[in-house]
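Engineer: Sharing a structure below in C-alpha cells format, with a few things to ask.
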Amino acid sequence: MANIQHVVVLMLENRSFDSMLGRLYPADANYRGLTLLEYNNYQSTGYGVWNDTAMLPSTATIPDPDPGELFTDMNTQLFGNPVRPRNTPADMSGFAQSYATQPGKGIYAPSAVMHYFTPDQVPVISKLATTFGVCDQWHASAPCQTWPNRFFAHTGTSLGCVNNKDFSIPFTAPSIFGQLQAAGVSWRVYFHDMPQSILLKDVWLHAVTHYRGFSQFLADAESGTLSNYSFIEPRYFADLFGAFSPNDEHPPHNVVYGETLIATVYNALRSSVCWKNTLLIITYDEHGGCYDHVPPPSATRPDGCVSKPDQFKFDAYGVRVPAVIVSPWIPAGSKIRNPIGGDGTGTPFDHTSIIRTVRDLFLGGAGQLTARDAGAPSLVGALSLPDATNLGPPSLTPSTAQATLAQVSDLASGEPNGIQAALAAASHNLPDNAPTSVTDLPAAAMPLTPAIYSTVATAAATATDRIKSFLGV
Amino acid sequence: MIKESTQRSLGILILVWCAVAAISQTAVPATEQSTPPAETKPVASSSAPAPTDVLQIVSLAESPDTDSINGKPSRIRLNGKLWVVLNHPLPDGATKYALFLNDVEIKGLDPPFPTSYRSQPALLFILKKGALNDAFWRDLLGSPRSGHVNVVVSLGRQSGAGPSERIVGAPDSARFGLEIFTGLDLALAAGAILLVLVLVWGHARSRTTLRDNLLPQLAPSRQPFSLGRSQMAFWFTLIFAAFVVLFFLLQDTNVLTSQALALMGISGATAAAAIAVDVKRTSPADVANCALQALGLNTYEDVQRVEQEIIDREQKLAALPPASPQRTQLQIEINDRNSILRTYEVKTRPFVSQGWFKDVTTDINGPTVHRLQVVFWTAALGAIFLYSVYRNLAMPEFNGTLLTLMGISSAGYVGFKIQEVNN
C-alpha cells in the first residue's frame with residue numbers, strides 16, 4: 001500500500017468534466033471525453049460543443065454570464081424540465097435551454113455553455129491529468145448548487161438542502177474534520193478570503209488553530225510540516241484592494257487564474273520533502289451549468305433527508321466534474337475508475353470519495369459519516385505503483401497573465417454570484433469570535449437571513465470582515 | 001481653527017524674523033547701522049562749534065514747516081524729501097553738490113533745489129532710488145533692526161565736479177534717523193504675509209491645499225501632504241513675503257528677480273509633473289480608490305452617509321421590542337455597514353497622513369532619498385533666500401549651479417516618483 005501521509009484537496013468551482021478535460025484524450029475511445037458530436041437543441045436550433053481557439057480573456061471566461069445552478073436549473077439541464085421526473089434517466093439535453101432562459105441581465109447565448117477548453121488552453125490541469133491520473137467518472141455528489149456539494153465533500157450529506165440559500169448555519173452534520181480531530185490526525189484548511197467550510201459546526205472549536213491563509217500552505221509545504229489532511233479553498237471574491245481576480249474558476253471567472261492556483265499548489269508540493277508521501281486531489285464542486293454529456297447515475301442515499309419542496313432524495317449524483325489525482329504513487333496517464341463497475345455501471349467517484357480515501361488512509365476505514373461515503377470508492381486503489389517513482393515535472397509554469405485593475409474592478413463592481421452572496425449572508429451567522437468550548441456552541445442552527453449586496457465588493461467586505469473577526473486575525 | 005492658525009502663523013513669522021536677524025548678527029557684525037562712518041574728511045571740525053563764517057550744515061528738516069529733525073528719528077524715508085539747512089548760501093550754486101549719507105555719496109539723485117528754511121538757505125534733496133544708487137540704499141537699509149537708521153548728512157561736490165571738501169555740521173545738526181518702516185508698514189506687511197500663511201498653510205490643516213487628494217474617500221484633514229504642493233507653497237510664501245516686505249521698505253514693485261521666478265517655476269513644474277505622474281500611472285491609491293468605489297464609497301460624504309445609516313439603524317434597533325422579527329434584519333444591515341467601514345479604515349490606513357514631514361519624505365516603504373533631497377535642498381535654498389532678503393533687501397541672485405541643483409533634485413524626485421509605491 002502506498003505510503004501516503006498527506007492528502008491535499010483543492011476544490012475549485014463550477015466547471016464540468018467535458019468543459020475542462022473533455023478533449024484530453026481525443027483519440028482514446030476508452031476515455032469518456034467529447035467526440036465533438038454532442039449537442040443540445042433549443043428552439044429547434046442545435047448547439048454543438050465547440051471551442052474558441054483564440055484563448056483571449058473573453059475565451060477564458062466562457063460562459064459569461066454565469067449559468068443557472070439552482071436545483072431547478074440543473075433539472076432543466078439534465079432532463080429538459082425544471083421539475084425532476086421520477087424514474088426517467090437524464091439525457092443531458094437542456095443545458096442550452098437552461099442557459100438561454102436565465103432571468104438575469106446580459107446576453108445568454110445558448111452556445112456558451114457548450115464550450116470546452118482544449119488541453120493547450122488549460123495546460124496545467126491537463127499536464128497533471130496526463131502525468132498522473134484523471135478520473136473520468138467523478139460526479140458531483142448531487143445535482144445541486146455549490147454548498148450542498150461542498151458539504152457532501154466534508155460530511156457526506158447536505159442534510160436535504162439543494163440550494164445554498166436553504167441552509168441553516170452552522171451546518172450541524174459531523175464532518176471528516178471532526179473525525180480526524182477525534183482520532184488525533186492533523187488537518188488544516190487553507191483559504192483565500194472566506195472558507196465555505198467554516199460553516200461546519202464541527203470545526204468551530206478548532207477553527208482558530210486549524211484555519212490558515214493560503215500563504216501558510218506554501219510555508220507548511222516548504223517546511224515539510226503539512227498536516228495529514230489539507231483542504232484548500234480558492235479565492236471566491238474579487239479582491240480589488242489587492243488587485244486579485246478570483247481563482248475559483250467559477251464562471252465567468254477567468255480559468256487562467258485557477259490554473260495558476262493549481263500550479264502553485266503543485267509546485268509547492270513537488271518541491272516539498274512531503275512530496276513522496278502526498279496525494280493531491282484537484283476537483284470542482286459542481287458543473288455550474290457547463291455542458292457534460294454523461295448522465296449522472298443513481299446514487300446511494302446518504303441519509304433519510306429529502307429536499308423541500310422537490311422531494312429529492314439525493315439518490316442520484318450530479319454532473320461529472322473534473323478530478324485529477326496527483327501523486328508519485330500513481331502511474332502516469334492513469335484513467336482512474338472504480339474497479340468495481342469500471343465500465344460505468346458501478347458506483348462512480350464523487351466528493352464523498354475524498355472522505356472515504358482519507359478514512360482509509362488515516363482512520364483505518366473507520367469514521368463513516370453517511371451511507372454515501374461508506375459506499376464511495378476510495379482512491380487508495382489508484383495509488384498502484386510499488387514505490388513513489390512517478391515524481392512528475394519539477395515544476396509547472398503557469399500563465400503570467402495578471403488581471404488588470406479594470407478587469408478586477410468590473411468583477412468587484414458586479415452583482416455577486418450565488419456562492420458569494422451566500423457566503424456573505426452566512427457570515428452573519430458566525431459568532432463574533434470562534435467558540436472555545438462546547439458550551440459556547442449554538443444550540444441550534446439559524447436560517448440564513450437574506451441580505452442584499454449590490455456589488456461583489458460589498459459582499460466580500462462583509463464576508464472577509466466577519467471571518468477575520470471569527471478567527472481573531 | 002482660523003484663530004489658532006493665525007496665531008501659529010504670526011508665531012512662525014516672528015520666529016523666522018528673529019532667526020534671520022540672529023543669522024545676520026552672527027554672520028555680518030560689520031553691518032552695524034548706527035556706526036558713524038570711519039573716514040569722514042570734514043571741511044570744518046565737528047568737535048567744536050564751527051566759526052560762523054565756515055559754510056556748514058546747521059540743521060535738517062522734513063519740510064519748511066516743521067521743526068528740525070537734528071539727531072532725531074524722522075519720517076523721511078526712501079523717496080522722501082530732506083531739507084539740508086546751511087548757514088550760508090552755497091558759493092557756486094547747488095547743482096554741483098551731492099548728498100552724502102554716512103560719508104557715502106548718493107549717486108543718481110536729482111540736483112538739489114536751492115530753497116530756504118526759516119529764512120536760512122537750504123537745499124532740498126529728494127531721496128530717490130535708482131539704478132545708480134540701488135546698491136547704496138540696499139546697504140544702508142539692509143539688515144534693519146528697528147524702524148530707523150541713523151545717518152550723518154554731509155554735502156560735497158558731485159564726483160568729478162570739483163574738490164572733494166565736504167560740508168558738514170555739528171554732530172547734532174547733521175544727523176537724523178532715516179525711516180525704514182513704520183509700525184503701520186510692519187503691521188500691513190505682517191498682515192499680508194499672515195494672510196498668505198493662513199490661506200496656504202493654515203488651510204492645509206483641514207483642507208487639501210497642500211495635500212494629495214488621491215483618495216477622495218478620506219476626509220480632507222486625513223489626506224497625506226504632498227511634497228510637490230508643499231514645495232510650491234513654500235516658494236510662493238517666501239517670494240510673496242519677500243515681495244511685500246521689499247515693497248514696503250523700498251517702495252518698489254520691481255523686486256522680483258529672474259532667479260525667484262526660476263525657483264517658482266521649478267517648484268510649480270515639480271508639482272505639476274508629480275500630479276501628471278499620479279494621473280498617468282496606476283498607483284496603489286488608484287487601486288484602493290476603485291475598491292472603495294465598488295463598496296459604494298465614492299467620496300468622503302459617502303463614508304459619512306454610511307456612518308449615519310449605522311446610527312439611524314442602531315436607534316431603530318434600540319426602539320424595537322426584543323422579540324421583533326425586524327431586529328435580525330436591522331442587525332445584519334448594521335453589521336454590513338460596519339464591515340464596510342472597517343474595510344475602509346484598514347484599506348485607507350496606508351494613505352492617511354502621518355504628519356507633514358513624514359508624508360513628504362516617505363512612501364509606503366519609508367523614507368526615500370529622492371524625497372529627502374528635495375526637502376533639504378529646498379530648505380537650504382529657502383534659508384539663503386530669507387537671509388538674502390533681510391541682508392540685502394533684495395531677492396537673491398542664485399547662481400546657475402544652485403538653480404541647476406534644485407532642478408536636478410526636483411527632476412530626480414519626479415523620476416523616482418514614477419516608480420514609487422505610494423504617493
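So you can find residues: chains in the C-alpha cells are A, B, ... in the order shown, residues in each start at 1, and ligands are numbered from 1 in order.
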Using only C-alpha atoms, find the residues of chain B whose closest atom to chain A is at most 9 Å away, then write them as a list in words.
Structural biologist: Thr282, Pro284, Asp286, Val287, Ala288, Asn289, Cys290, Ala291, Leu292, Gln293, Ala294, Leu295, Gly296, Thr328, Gln329, Ile332, Glu333, Asn335, Asp336, Arg337, Asn338, Ser339, Ile340, Arg342, Thr343 and Lys347 of chain B
Engineer: Pull the helix (DSSP H, G or I) assignments for range 100-323 of chain A out of DSSP run on the backbone, and list those residues as a PyMOL selection string.
Structural biologist: chain A and resi 100+110-114+123-131+146-155+164-166+176-183+196-199+201-204+207-210+214-223+255-270+275-277
Engineer: Please report the interatomic distance between CA of Pro431 in chain A and CA of Asn247 in chain A in Å with one decimal.
Structural biologist: 27.5 Å
Engineer: Against range 54-59 of chain B, which residues of range 145-195 of chain B fall within 8 Å? For each one I want the closest pair of atoms and the distance in Å (one decimal), counting only C-alpha atoms, rows by chain and increasing residue number, as a tab-separated table.
Structural biologist:
```
residue	atom	partner	partner_atom	distance
B:Ser154	CA	B:Ile57	CA	7.5
B:Ile167	CA	B:Gln56	CA	5.4
B:Val168	CA	B:Gln56	CA	5.3
B:Gly169	CA	B:Ile57	CA	4.3
B:Ala170	CA	B:Val58	CA	7.1
B:Ser173	CA	B:Ser59	CA	4.8
B:Ala174	CA	B:Ser59	CA	6.3
```
Engineer: Using only C-alpha atoms, determine which residues lie at most 12 Å from Ala219 in chain A, disregarding the query and same-chain residues fewer than 4 positions distant; provide the list as a PDB file with N, CA and C atoms, in the first residue's frame.
Structural biologist:
```pdb
ATOM      1  N   TYR A 190      -6.894  25.726   4.324  1.00  0.00           N
ATOM      2  CA  TYR A 190      -6.218  26.932   3.844  1.00  0.00           C
ATOM      3  C   TYR A 190      -7.192  27.683   2.941  1.00  0.00           C
ATOM      4  N   ARG A 212      -6.053  28.614   8.143  1.00  0.00           N
ATOM      5  CA  ARG A 212      -4.927  29.498   7.832  1.00  0.00           C
ATOM      6  C   ARG A 212      -5.072  30.055   6.419  1.00  0.00           C
ATOM      7  N   GLY A 213      -4.455  31.192   6.198  1.00  0.00           N
ATOM      8  CA  GLY A 213      -4.417  31.763   4.857  1.00  0.00           C
ATOM      9  C   GLY A 213      -3.593  30.885   3.923  1.00  0.00           C
ATOM     10  N   PHE A 214      -3.822  31.085   2.638  1.00  0.00           N
ATOM     11  CA  PHE A 214      -3.170  30.211   1.657  1.00  0.00           C
ATOM     12  C   PHE A 214      -1.648  30.306   1.718  1.00  0.00           C
ATOM     13  N   SER A 215      -1.146  31.456   2.055  1.00  0.00           N
ATOM     14  CA  SER A 215       0.318  31.609   2.117  1.00  0.00           C
ATOM     15  C   SER A 215       0.920  30.645   3.147  1.00  0.00           C
ATOM     16  N   SER A 223       8.327  23.893   4.532  1.00  0.00           N
ATOM     17  CA  SER A 223       8.991  23.441   5.763  1.00  0.00           C
ATOM     18  C   SER A 223       8.739  21.966   6.056  1.00  0.00           C
ATOM     19  N   GLY A 224       7.912  21.339   5.222  1.00  0.00           N
ATOM     20  CA  GLY A 224       7.639  19.916   5.422  1.00  0.00           C
ATOM     21  C   GLY A 224       6.757  19.646   6.624  1.00  0.00           C
ATOM     22  N   THR A 225       5.926  20.600   6.960  1.00  0.00           N
ATOM     23  CA  THR A 225       5.063  20.449   8.143  1.00  0.00           C
ATOM     24  C   THR A 225       3.595  20.378   7.754  1.00  0.00           C
ATOM     25  N   LEU A 226       3.336  19.847   6.589  1.00  0.00           N
ATOM     26  CA  LEU A 226       1.937  19.704   6.163  1.00  0.00           C
ATOM     27  C   LEU A 226       1.199  18.758   7.099  1.00  0.00           C
ATOM     28  N   VAL A 265      -0.022  25.262  -6.156  1.00  0.00           N
ATOM     29  CA  VAL A 265      -0.179  24.176  -5.183  1.00  0.00           C
ATOM     30  C   VAL A 265       0.745  23.010  -5.553  1.00  0.00           C
ATOM     31  N   ALA A 268       4.428  23.789  -4.958  1.00  0.00           N
ATOM     32  CA  ALA A 268       4.758  23.790  -3.533  1.00  0.00           C
ATOM     33  C   ALA A 268       4.923  22.360  -3.018  1.00  0.00           C
ATOM     34  N   LEU A 269       4.028  21.496  -3.462  1.00  0.00           N
ATOM     35  CA  LEU A 269       4.107  20.100  -3.007  1.00  0.00           C
ATOM     36  C   LEU A 269       5.302  19.387  -3.638  1.00  0.00           C
ATOM     37  N   SER A 271       8.085  20.462  -4.573  1.00  0.00           N
ATOM     38  CA  SER A 271       9.387  20.845  -4.022  1.00  0.00           C
ATOM     39  C   SER A 271       9.471  20.590  -2.516  1.00  0.00           C
ATOM     40  N   SER A 272       8.400  20.031  -1.962  1.00  0.00           N
ATOM     41  CA  SER A 272       8.386  19.778  -0.515  1.00  0.00           C
ATOM     42  C   SER A 272       8.990  18.404  -0.206  1.00  0.00           C
TER      43      SER A 272
END
```
Engineer: Name the residues in contact with Phe71 in chain A at a cut-off of 8 Å, using only C-alpha atoms, excluding same-chain residues fewer than 4 positions from it; report them as an NGL selection string.
Structural biologist: :A and (75 or 143-145 or 162-163)
Engineer: Can I get the selected residues back with C-alpha atoms, as an mmCIF file, in the first residue's frame?
Structural biologist:
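What follows is the written file out31.cif:
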```cif
data_model
loop_
_atom_site.group_PDB
_atom_site.id
_atom_site.type_symbol
_atom_site.label_atom_id
_atom_site.label_comp_id
_atom_site.auth_asym_id
_atom_site.auth_seq_id
_atom_site.Cartn_x
_atom_site.Cartn_y
_atom_site.Cartn_z
ATOM 1 C CA ASN A 75 -33.181 19.601 -13.650
ATOM 2 C CA PRO A 143 -27.358 17.715 -8.855
ATOM 3 C CA CYS A 144 -27.321 20.687 -6.581
ATOM 4 C CA GLN A 145 -25.670 24.015 -6.056
ATOM 5 C CA VAL A 162 -30.316 21.527 -2.685
ATOM 6 C CA ASN A 163 -29.563 25.247 -2.903
#
```
Engineer: List the spatial neighbours of Leu385 in chain A as an NGL selection string - criterion: any atom at most 8 Å away, only C-alpha atoms, same-chain residues fewer than 2 positions off excluded.
Structural biologist: :A and (2 or 329-331 or 383 or 387-389)
Engineer: Can you tell me which residues surround Ala183 in chain A at a distance of at most 9 Å, considering only C-alpha atoms, apart from same-chain residues fewer than 5 positions away, and format the answer as a VMD selection string?
Structural biologist: chain A and resid 178 362 to 363
Engineer: Write out as an NGL selection string the set of residues from range 259-352 of chain A that DSSP, computed on the backbone, places in strand (DSSP E or B).
Structural biologist: :A and (278-284 or 298 or 316 or 320 or 323-326 or 334-335 or 349-350)
Engineer: Could you dump the residues just selected with C-alpha atoms as a PDB file, in the first residue's frame?
Structural biologist:
```pdb
ATOM      1  CA  THR A 278       1.456  13.092  -0.785  1.00  0.00           C
ATOM      2  CA  LEU A 279      -1.818  12.624  -2.606  1.00  0.00           C
ATOM      3  CA  LEU A 280      -3.230  15.743  -4.248  1.00  0.00           C
ATOM      4  CA  ILE A 281      -6.842  15.738  -5.412  1.00  0.00           C
ATOM      5  CA  ILE A 282      -7.905  18.556  -7.700  1.00  0.00           C
ATOM      6  CA  THR A 283     -11.608  18.709  -8.331  1.00  0.00           C
ATOM      7  CA  TYR A 284     -14.573  21.040  -8.754  1.00  0.00           C
ATOM      8  CA  SER A 298     -28.279   6.861  -9.382  1.00  0.00           C
ATOM      9  CA  ALA A 316     -28.643  10.485  -7.841  1.00  0.00           C
ATOM     10  CA  ARG A 320     -19.397  14.964 -13.839  1.00  0.00           C
ATOM     11  CA  ALA A 323     -10.970  15.243 -10.969  1.00  0.00           C
ATOM     12  CA  VAL A 324      -7.226  14.990 -11.338  1.00  0.00           C
ATOM     13  CA  ILE A 325      -5.408  12.719  -8.953  1.00  0.00           C
ATOM     14  CA  VAL A 326      -1.770  13.590  -8.388  1.00  0.00           C
ATOM     15  CA  SER A 334      -3.885   6.740 -15.367  1.00  0.00           C
ATOM     16  CA  LYS A 335      -7.577   6.871 -16.117  1.00  0.00           C
ATOM     17  CA  PHE A 349     -16.417   8.517  -7.684  1.00  0.00           C
ATOM     18  CA  ASP A 350     -17.985  11.549  -6.117  1.00  0.00           C
TER      19      ASP A 350
END
```
Engineer: Any idea what's packed within 10 Å of range 220-228 of chain B, counting only C-alpha atoms, ignoring anything in its chain fewer than 2 positions away? Could you give it as a ChimeraX atom specification?
Structural biologist: /B:203-218,230-234,267-275,300,348-362,371-372,374-375,410,413-414,423
Engineer: For a quick check of understanding, using only C-alpha atoms, which of A:Ile467, A:Ala140, A:Val306, A:Val273 has the smallest distance to Ser353 in chain A?
Structural biologist: A:Ala140
Engineer: Which one is closest to Lys107 in chain B: B:Ala135, B:Val245, B:Leu82, B:Ala192? Count only C-alpha atoms.
Structural biologist: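 Closest residue, counting only C-alpha atoms: B:Ala135.
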